[in-house]
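Below is one structure, written out as structure tokens; comments come after it.
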Amino acid sequence: MSTWIAIGVTALGCYAVKLAGLLVPAGALERPLVRRLAALLPVALLAALTAQQTFADGHALVLDARVAGVAAAAVVLMLRAPFLLVVAAAVVVTAGVRAIGG
């Protein structure tokens with residue numbers, strides 16, 4: 001039963017956040033600082049999620065094949081390749097490192 005309570009609380013929380021966003025005055029959203037933060041926040045959250053999923057396993061720091069995949073993706077990004085090639089490079093390098101036992 002506690003799972004359904006958690007689902008209900010989460011649904012209500014999501015609705016409350018959505019409602020709070022709709023209640024913000026339009027003038028507050030037009031400020032340059034708010035616009036800049038709104039543009040940068042998704043990038044920061046995605047970077048934090050990527051770092052956490054790549055380098056952490058519970059409470060321990062882990063350096064395994066995922067690190068090589070992220071490094072390969074970074075190199076391909078610096079070469080300005082299309083996103084599909086970036087993902088493919090990360091997948092191939094991660095799989096290759098895992099296949100050779102890294």
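Letters for chains follow the order of the structure tokens (A, B, ...), residue numbers begin at 1 for each chain, and ligand numbers begin at 1 in the order shown.
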Practice prompt. Could you please write out, as a list in words, every residue of chain A that DSSP assigns to strand (DSSP E)?
Written response: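 Across chain A, those assigned strand (DSSP E) are Ala56, Asp57, Ala60 and Leu61 of chain A.
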Keeping only all heavy atoms, write the selected residues as a CSV table (one decimal), in the first residue's frame.
chain,number,residue,atom,x,y,z
A,56,ALA,N,29.4,6.9,-10.6
A,56,ALA,CA,29.0,6.5,-9.2
A,56,ALA,C,28.2,5.2,-9.3
A,56,ALA,O,27.5,4.9,-10.2
A,56,ALA,CB,28.0,7.6,-8.6
A,57,ASP,N,28.4,4.4,-8.2
A,57,ASP,CA,27.7,3.2,-8.0
A,57,ASP,C,27.3,3.1,-6.6
A,57,ASP,O,28.2,2.7,-5.7
A,57,ASP,CB,28.6,2.0,-8.5
A,57,ASP,CG,27.8,0.7,-8.4
A,57,ASP,OD1,26.6,0.7,-8.4
A,57,ASP,OD2,28.4,-0.4,-8.3
A,60,ALA,N,30.0,4.7,-4.0
A,60,ALA,CA,31.4,4.5,-4.4
A,60,ALA,C,31.7,5.1,-5.7
A,60,ALA,O,30.8,5.2,-6.6
A,60,ALA,CB,31.7,3.0,-4.4
A,61,LEU,N,32.9,5.6,-5.9
A,61,LEU,CA,33.4,6.1,-7.2
A,61,LEU,C,33.8,4.9,-8.0
A,61,LEU,O,34.5,4.1,-7.6
A,61,LEU,CB,34.5,7.1,-7.0
A,61,LEU,CG,35.2,7.7,-8.2
A,61,LEU,CD1,34.2,8.6,-8.9
A,61,LEU,CD2,36.4,8.4,-7.9
Item to complete: Determine, counting only C-alpha atoms, which protein, DNA and RNA residues have an atom within 10 Å of an atom of Val91 of chain A; residues of the same chain fewer than 3 positions away are not included. Present the result as a VMD selection string.
Response: chain A and resid 66 68 to 70 72 to 73 85 to 88 94 to 96
Got time to write the residues from that selection, all heavy atoms, as a compact mmCIF listing (two decimals), in the first residue's frame?
# COMPACT_ATOMS: atom_id res chain seq x y z
N ARG A 66 32.16 2.69 -18.79
CA ARG A 66 31.33 3.87 -19.04
C ARG A 66 32.17 5.13 -19.19
O ARG A 66 31.84 6.02 -19.98
CB ARG A 66 30.31 4.05 -17.92
CG ARG A 66 29.29 2.90 -17.88
CD ARG A 66 28.40 3.05 -16.69
NE ARG A 66 29.17 2.82 -15.46
CZ ARG A 66 28.66 2.85 -14.25
NH1 ARG A 66 27.40 3.12 -14.08
NH2 ARG A 66 29.42 2.63 -13.19
N ALA A 68 35.17 5.35 -20.44
CA ALA A 68 35.75 5.34 -21.79
C ALA A 68 34.70 5.75 -22.82
O ALA A 68 35.01 6.49 -23.78
CB ALA A 68 36.29 3.95 -22.12
N GLY A 69 33.46 5.32 -22.65
CA GLY A 69 32.39 5.69 -23.57
C GLY A 69 32.11 7.18 -23.54
O GLY A 69 31.94 7.81 -24.58
N VAL A 70 32.07 7.76 -22.34
CA VAL A 70 31.84 9.20 -22.22
C VAL A 70 33.02 9.98 -22.81
O VAL A 70 32.83 11.00 -23.48
CB VAL A 70 31.58 9.59 -20.75
CG1 VAL A 70 31.59 11.09 -20.57
CG2 VAL A 70 30.26 9.01 -20.27
N ALA A 72 34.97 8.97 -25.24
CA ALA A 72 34.86 8.85 -26.69
C ALA A 72 33.80 9.80 -27.23
O ALA A 72 34.00 10.47 -28.25
CB ALA A 72 34.54 7.42 -27.09
N ALA A 73 32.68 9.90 -26.52
CA ALA A 73 31.63 10.82 -26.94
C ALA A 73 32.12 12.27 -26.89
O ALA A 73 31.81 13.06 -27.79
CB ALA A 73 30.40 10.65 -26.05
N LEU A 85 26.13 10.03 -34.32
CA LEU A 85 27.49 9.49 -34.33
C LEU A 85 28.14 9.57 -32.95
O LEU A 85 28.94 8.70 -32.58
CB LEU A 85 28.35 10.20 -35.36
CG LEU A 85 28.00 9.91 -36.82
CD1 LEU A 85 28.90 10.72 -37.74
CD2 LEU A 85 28.11 8.44 -37.12
N VAL A 86 27.81 10.60 -32.19
CA VAL A 86 28.33 10.72 -30.83
C VAL A 86 27.84 9.56 -29.98
O VAL A 86 28.62 8.89 -29.28
CB VAL A 86 27.91 12.07 -30.21
CG1 VAL A 86 28.29 12.14 -28.74
CG2 VAL A 86 28.52 13.24 -30.97
N VAL A 87 26.55 9.29 -30.06
CA VAL A 87 25.97 8.18 -29.30
C VAL A 87 26.55 6.85 -29.77
O VAL A 87 26.91 5.98 -28.96
CB VAL A 87 24.43 8.19 -29.41
CG1 VAL A 87 23.83 6.95 -28.77
CG2 VAL A 87 23.86 9.44 -28.78
N ALA A 88 26.67 6.68 -31.08
CA ALA A 88 27.22 5.43 -31.63
C ALA A 88 28.66 5.22 -31.17
O ALA A 88 29.04 4.10 -30.80
CB ALA A 88 27.14 5.45 -33.15
N THR A 94 32.24 1.76 -25.32
CA THR A 94 31.86 1.12 -24.06
C THR A 94 31.76 -0.39 -24.23
O THR A 94 32.27 -1.15 -23.41
CB THR A 94 30.51 1.69 -23.55
OG1 THR A 94 30.64 3.09 -23.39
CG2 THR A 94 30.14 1.07 -22.22
N ALA A 95 31.10 -0.82 -25.29
CA ALA A 95 30.98 -2.26 -25.54
C ALA A 95 32.34 -2.90 -25.80
O ALA A 95 32.61 -4.01 -25.32
CB ALA A 95 30.06 -2.50 -26.73
N GLY A 96 33.19 -2.21 -26.53
CA GLY A 96 34.52 -2.76 -26.79
C GLY A 96 35.36 -2.90 -25.53
O GLY A 96 36.02 -3.93 -25.33
Counting only C-alpha atoms, what are the residues of segment 33-79 of chain A within 12 Å of segment 13-28 of chain A, and for each of them which pair of atoms is the nearest and at what distance in Å, to one decimal? Sort the table by chain and rising number, as a Markdown table.
| residue | atom | partner | partner_atom | distance |
| --- | --- | --- | --- | --- |
| A:Leu33 | CA | A:Ala28 | CA | 9.8 |
| A:Val34 | CA | A:Ala28 | CA | 7.6 |
| A:Arg35 | CA | A:Ala28 | CA | 9.6 |
Item to complete: Please indicate the distance in Å from atom CA of Glu30 of chain A to atom CA of Leu46 of chain A, rounded to one decimal place.
Response: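 Answer for the atom CA of Glu30 of chain A to atom CA of Leu46 of chain A separation: 24.1 Å.
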Discussion item. Just the number, please: distance in Å from atom CA of Leu40 of chain A to atom CA of Ala81 of chain A, one decimal.
Written reply: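 Pair atom CA of Leu40 of chain A / atom CA of Ala81 of chain A returns 22.3 Å.
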As an mmCIF file with all heavy atoms, in the first residue's frame, please: every residue in segment 47-81 of chain A that DSSP puts in alpha helix (DSSP H).
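Written out: result-v5.cif:
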data_model
loop_
_atom_site.group_PDB
_atom_site.id
_atom_site.type_symbol
_atom_site.label_atom_id
_atom_site.label_comp_id
_atom_site.auth_asym_id
_atom_site.auth_seq_id
_atom_site.Cartn_x
_atom_site.Cartn_y
_atom_site.Cartn_z
ATOM 1 N N ALA A 47 24.134 17.346 -17.292
ATOM 2 C CA ALA A 47 25.543 17.082 -16.988
ATOM 3 C C ALA A 47 25.688 16.383 -15.638
ATOM 4 O O ALA A 47 26.473 15.435 -15.495
ATOM 5 C CB ALA A 47 26.335 18.383 -16.996
ATOM 6 N N ALA A 48 24.925 16.830 -14.646
ATOM 7 C CA ALA A 48 24.984 16.196 -13.327
ATOM 8 C C ALA A 48 24.482 14.757 -13.383
ATOM 9 O O ALA A 48 25.078 13.852 -12.781
ATOM 10 C CB ALA A 48 24.169 17.001 -12.327
ATOM 11 N N LEU A 49 23.413 14.525 -14.118
ATOM 12 C CA LEU A 49 22.885 13.164 -14.257
ATOM 13 C C LEU A 49 23.880 12.262 -14.977
ATOM 14 O O LEU A 49 24.111 11.116 -14.574
ATOM 15 C CB LEU A 49 21.556 13.194 -15.016
ATOM 16 C CG LEU A 49 20.909 11.845 -15.276
ATOM 17 C CD1 LEU A 49 20.544 11.157 -13.964
ATOM 18 C CD2 LEU A 49 19.678 12.011 -16.140
ATOM 19 N N THR A 50 24.503 12.779 -16.028
ATOM 20 C CA THR A 50 25.501 11.998 -16.757
ATOM 21 C C THR A 50 26.689 11.653 -15.860
ATOM 22 O O THR A 50 27.145 10.509 -15.843
ATOM 23 C CB THR A 50 25.986 12.772 -17.991
ATOM 24 O OG1 THR A 50 24.859 13.058 -18.816
ATOM 25 C CG2 THR A 50 27.011 11.992 -18.779
ATOM 26 N N ALA A 51 27.169 12.612 -15.107
ATOM 27 C CA ALA A 51 28.303 12.363 -14.208
ATOM 28 C C ALA A 51 27.934 11.346 -13.136
ATOM 29 O O ALA A 51 28.710 10.435 -12.832
ATOM 30 C CB ALA A 51 28.753 13.668 -13.567
ATOM 31 N N GLN A 52 26.745 11.473 -12.576
ATOM 32 C CA GLN A 52 26.326 10.544 -11.521
ATOM 33 C C GLN A 52 26.166 9.128 -12.071
ATOM 34 O O GLN A 52 26.583 8.168 -11.441
ATOM 35 C CB GLN A 52 25.014 11.044 -10.898
ATOM 36 C CG GLN A 52 24.646 10.351 -9.604
ATOM 37 C CD GLN A 52 23.856 9.086 -9.801
ATOM 38 O OE1 GLN A 52 23.175 8.898 -10.791
ATOM 39 N NE2 GLN A 52 23.984 8.188 -8.854
ATOM 40 N N GLN A 53 25.588 8.992 -13.246
ATOM 41 C CA GLN A 53 25.392 7.674 -13.828
ATOM 42 C C GLN A 53 26.697 7.062 -14.338
ATOM 43 O O GLN A 53 26.809 5.843 -14.434
ATOM 44 C CB GLN A 53 24.378 7.754 -14.977
ATOM 45 C CG GLN A 53 22.977 8.041 -14.526
ATOM 46 C CD GLN A 53 22.385 6.896 -13.742
ATOM 47 O OE1 GLN A 53 22.521 5.737 -14.110
ATOM 48 N NE2 GLN A 53 21.737 7.220 -12.638
ATOM 49 N N THR A 54 27.677 7.889 -14.666
ATOM 50 C CA THR A 54 28.941 7.393 -15.199
ATOM 51 C C THR A 54 29.931 7.036 -14.105
ATOM 52 O O THR A 54 30.588 6.001 -14.170
ATOM 53 C CB THR A 54 29.580 8.445 -16.129
ATOM 54 O OG1 THR A 54 28.657 8.736 -17.174
ATOM 55 C CG2 THR A 54 30.873 7.936 -16.728
ATOM 56 N N PHE A 55 30.047 7.857 -13.102
ATOM 57 C CA PHE A 55 31.117 7.711 -12.122
ATOM 58 C C PHE A 55 30.685 7.184 -10.761
ATOM 59 O O PHE A 55 31.522 7.010 -9.885
ATOM 60 C CB PHE A 55 31.825 9.057 -11.913
ATOM 61 C CG PHE A 55 32.439 9.605 -13.167
ATOM 62 C CD1 PHE A 55 31.925 10.726 -13.780
ATOM 63 C CD2 PHE A 55 33.525 8.977 -13.755
ATOM 64 C CE1 PHE A 55 32.480 11.231 -14.942
ATOM 65 C CE2 PHE A 55 34.088 9.471 -14.924
ATOM 66 C CZ PHE A 55 33.567 10.601 -15.508
ATOM 67 N N ALA A 65 34.073 0.884 -17.929
ATOM 68 C CA ALA A 65 33.910 1.085 -19.368
ATOM 69 C C ALA A 65 33.063 2.309 -19.695
ATOM 70 O O ALA A 65 33.234 2.927 -20.752
ATOM 71 C CB ALA A 65 33.281 -0.159 -19.988
ATOM 72 N N ARG A 66 32.164 2.693 -18.788
ATOM 73 C CA ARG A 66 31.335 3.868 -19.044
ATOM 74 C C ARG A 66 32.169 5.133 -19.190
ATOM 75 O O ARG A 66 31.837 6.017 -19.977
ATOM 76 C CB ARG A 66 30.313 4.046 -17.918
ATOM 77 C CG ARG A 66 29.294 2.903 -17.876
ATOM 78 C CD ARG A 66 28.397 3.046 -16.688
ATOM 79 N NE ARG A 66 29.174 2.824 -15.462
ATOM 80 C CZ ARG A 66 28.661 2.855 -14.248
ATOM 81 N NH1 ARG A 66 27.395 3.122 -14.076
ATOM 82 N NH2 ARG A 66 29.419 2.629 -13.195
ATOM 83 N N VAL A 67 33.250 5.213 -18.441
ATOM 84 C CA VAL A 67 34.127 6.387 -18.522
ATOM 85 C C VAL A 67 34.747 6.479 -19.918
ATOM 86 O O VAL A 67 34.816 7.564 -20.511
ATOM 87 C CB VAL A 67 35.216 6.333 -17.435
ATOM 88 C CG1 VAL A 67 36.174 7.493 -17.576
ATOM 89 C CG2 VAL A 67 34.590 6.321 -16.054
ATOM 90 N N ALA A 68 35.173 5.345 -20.437
ATOM 91 C CA ALA A 68 35.748 5.335 -21.791
ATOM 92 C C ALA A 68 34.704 5.752 -22.822
ATOM 93 O O ALA A 68 35.011 6.489 -23.776
ATOM 94 C CB ALA A 68 36.292 3.951 -22.117
ATOM 95 N N GLY A 69 33.464 5.315 -22.650
ATOM 96 C CA GLY A 69 32.393 5.693 -23.571
ATOM 97 C C GLY A 69 32.111 7.185 -23.537
ATOM 98 O O GLY A 69 31.940 7.815 -24.579
ATOM 99 N N VAL A 70 32.073 7.761 -22.337
ATOM 100 C CA VAL A 70 31.838 9.201 -22.218
ATOM 101 C C VAL A 70 33.017 9.980 -22.812
ATOM 102 O O VAL A 70 32.828 11.003 -23.477
ATOM 103 C CB VAL A 70 31.582 9.594 -20.749
ATOM 104 C CG1 VAL A 70 31.588 11.093 -20.572
ATOM 105 C CG2 VAL A 70 30.260 9.011 -20.275
ATOM 106 N N ALA A 71 34.228 9.493 -22.586
ATOM 107 C CA ALA A 71 35.406 10.155 -23.153
ATOM 108 C C ALA A 71 35.367 10.109 -24.685
ATOM 109 O O ALA A 71 35.669 11.105 -25.352
ATOM 110 C CB ALA A 71 36.678 9.505 -22.631
ATOM 111 N N ALA A 72 34.974 8.966 -25.235
ATOM 112 C CA ALA A 72 34.864 8.853 -26.692
ATOM 113 C C ALA A 72 33.797 9.803 -27.229
ATOM 114 O O ALA A 72 33.997 10.469 -28.253
ATOM 115 C CB ALA A 72 34.536 7.422 -27.089
ATOM 116 N N ALA A 73 32.682 9.904 -26.518
ATOM 117 C CA ALA A 73 31.628 10.824 -26.937
ATOM 118 C C ALA A 73 32.119 12.268 -26.890
ATOM 119 O O ALA A 73 31.806 13.065 -27.786
ATOM 120 C CB ALA A 73 30.402 10.651 -26.045
ATOM 121 N N ALA A 74 32.900 12.601 -25.885
ATOM 122 C CA ALA A 74 33.429 13.961 -25.773
ATOM 123 C C ALA A 74 34.361 14.286 -26.946
ATOM 124 O O ALA A 74 34.309 15.376 -27.508
ATOM 125 C CB ALA A 74 34.163 14.139 -24.450
ATOM 126 N N VAL A 75 35.192 13.321 -27.321
ATOM 127 C CA VAL A 75 36.110 13.536 -28.446
ATOM 128 C C VAL A 75 35.324 13.735 -29.740
ATOM 129 O O VAL A 75 35.605 14.651 -30.526
ATOM 130 C CB VAL A 75 37.104 12.359 -28.578
ATOM 131 C CG1 VAL A 75 37.861 12.421 -29.894
ATOM 132 C CG2 VAL A 75 38.063 12.342 -27.400
ATOM 133 N N VAL A 76 34.327 12.892 -29.962
ATOM 134 C CA VAL A 76 33.534 12.996 -31.184
ATOM 135 C C VAL A 76 32.735 14.310 -31.190
ATOM 136 O O VAL A 76 32.564 14.936 -32.238
ATOM 137 C CB VAL A 76 32.613 11.766 -31.336
ATOM 138 C CG1 VAL A 76 31.705 11.900 -32.535
ATOM 139 C CG2 VAL A 76 33.456 10.502 -31.463
ATOM 140 N N LEU A 77 32.276 14.750 -30.011
ATOM 141 C CA LEU A 77 31.588 16.039 -29.930
ATOM 142 C C LEU A 77 32.519 17.186 -30.300
ATOM 143 O O LEU A 77 32.110 18.142 -30.969
ATOM 144 C CB LEU A 77 31.053 16.263 -28.515
ATOM 145 C CG LEU A 77 29.643 15.777 -28.230
ATOM 146 C CD1 LEU A 77 29.310 15.960 -26.756
ATOM 147 C CD2 LEU A 77 28.636 16.481 -29.091
ATOM 148 N N MET A 78 33.764 17.104 -29.838
ATOM 149 C CA MET A 78 34.719 18.165 -30.164
ATOM 150 C C MET A 78 35.010 18.216 -31.662
ATOM 151 O O MET A 78 35.371 19.266 -32.187
ATOM 152 C CB MET A 78 36.016 17.981 -29.377
ATOM 153 C CG MET A 78 35.865 18.376 -27.932
ATOM 154 S SD MET A 78 37.415 18.439 -27.038
ATOM 155 C CE MET A 78 37.780 16.716 -26.814
#
